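Student: Pasting a structure below so you can have a look.
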Amino acid sequence: MNEYLIPAGAGKAEYIEKRSRFIGAVYPCETEAEALDWIKKTSEEHREARHNVYAYIIKENNIMRYSDNGEPQGTAGMPTLEVFRREGVENVVCITTRYFGGILLGAGGLTRAYAHTAKLALDAAGIAQMREWAQFSVEIPYPLFEIVKRMLEDNGAILENTDYGASVTVKGLIPMETFELLSARIVDGTAGQIKPTKLGSTFMGVRIR
C-alpha cells in the first residue's frame, strides 16, 4: 500500500471575524458514509446556526465533495477543500458552522474565514502518515544505548516501548523500505554486537505533526 496523510484524530477550533463565529470540526473517516454521518451529527448539533458548510476527501474511489450550505458559491466549501488538498490530507471531513454576527464579510472575507477555520481545526487534529511499518525489537547493552537510539530516531524509527533490564530492550516501528538498510547500519556501527529483529509488519498511521 502506498503512503498517504490523514488527520491524526478529531480536532475543533473557533474563529471570530466581525462578530461572526466560525466553528470548525475535523474528523478522520474512511468512507463517504462516515463523512456524511459526521456532517449530519454536526448539523443537528448546530441547527440554530445560519450555515453548516462541509468538505470531505475519501481516498477510496477518489471522492471529493463540498457544500457552501447557503453561502455565496465558491466562498466556503471549496476553500475548505483546498486546505486539505494543499496539506495533502485524505480520509478527512470538515464541517464549519457559522453563527452570523450581523456584518457582511464579502466574498473575499468569507473565503479567508472558512479556509482559516478549516486550517485551525486541522492543526488541532494533527496529521498522521499512513504507511507500512516493520515492527522490531532490539536488545542493546547500556554503553551503546544512546548511540543506537540516535541511529534509530535519525532514520525515522518510532520507539514505542523501552524496557530497562540487564540490557535495554527497545520495541517499535521502522519504515518497511528502510528496515534492512538501517539494520545493516546498526550492525556495522556496533561491530556486529547489535542487530534489530523484525517481529512483523503493520499498515497504520503515525502522527508526524
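Ligands are numbered from 1 in the order shown, residues from 1 within each chain, and chains are lettered A, B, ... in the order they appear in the C-alpha cells.
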Using only C-alpha atoms, determine which residues lie at most 10 Å from segment 145-155 of chain A, disregarding the query and same-chain residues fewer than 6 positions distant; provide the list as a short mmCIF file (atom, residue, chain, number, x, y, z; two decimals) with C-alpha atoms, in the first residue's frame.

Tutor:
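Saved the output as out20.cif:
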data_model
loop_
_atom_site.label_atom_id
_atom_site.label_comp_id
_atom_site.auth_asym_id
_atom_site.auth_seq_id
_atom_site.Cartn_x
_atom_site.Cartn_y
_atom_site.Cartn_z
CA VAL A 138 16.43 -4.81 19.60
CA GLU A 139 18.47 -5.61 22.71
CA SER A 167 20.25 -4.57 29.00
CA VAL A 168 17.88 -2.17 27.25
CA THR A 169 15.21 -3.77 25.06
CA VAL A 170 13.59 -1.39 22.59
CA GLY A 172 8.97 -0.01 17.89
CA LEU A 173 8.41 0.67 14.22
CA ILE A 174 10.77 1.28 11.30
CA PRO A 175 9.58 2.29 7.80
CA THR A 178 14.42 1.22 5.27
CA PHE A 179 14.46 -1.70 7.72
CA LEU A 181 19.44 -0.84 5.40
CA LEU A 182 19.05 0.54 8.92
CA SER A 183 19.59 -2.91 10.43
CA ARG A 185 23.98 0.20 9.61
CA ILE A 186 23.38 -0.72 13.24
CA VAL A 187 25.28 -3.99 12.81
CA GLY A 189 28.10 0.74 13.71
CA THR A 190 28.26 -1.62 16.70
CA ILE A 194 23.58 -5.46 17.87
#

Student: Among segment 44-188 of chain A, which ones does DSSP place in helix (DSSP H, G or I), written as a ChimeraX atom specification?

Tutor: /A:44-45,60-62,77-87,106-125,142-154,176-188

Student: Using Å and a single decimal, report how far atom CA of Ser201 of chain A sits from atom CA of Thr162 of chain A.

Tutor: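 Atom-to-atom, atom CA of Thr162 of chain A and atom CA of Ser201 of chain A are spaced 19.0 Å apart.
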
Student: By how many Å are atom CA of Thr75 of chain A and atom CA of Phe100 of chain A apart?

Tutor: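 The value is 14.9 Å.
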
Student: Quick one: which segment 71-98 of chain A residues come within 6 Å of segment 15-32 of chain A, and what is the nearest atom pair for each with the distance in Å to one decimal, counting only C-alpha atoms, rows ordered by chain and ascending number, as CSV?

Tutor:
residue,atom,partner,partner_atom,distance
A:Asn91,CA,A:Cys29,CA,5.0
A:Val92,CA,A:Pro28,CA,4.7
A:Val93,CA,A:Tyr27,CA,5.5
A:Cys94,CA,A:Val26,CA,4.4
A:Ile95,CA,A:Ala25,CA,5.3
A:Thr96,CA,A:Gly24,CA,4.2
A:Thr97,CA,A:Ile23,CA,5.0
A:Arg98,CA,A:Phe22,CA,4.6

Student: I'd like the contact shell of Leu120 of chain A - 10 Å cut-off, only C-alpha atoms, skipping same-chain residues fewer than 3 positions apart - returned as an MDAnalysis selection string.

Tutor: chainID A and resid 11:15 23:26 114:117 123:126
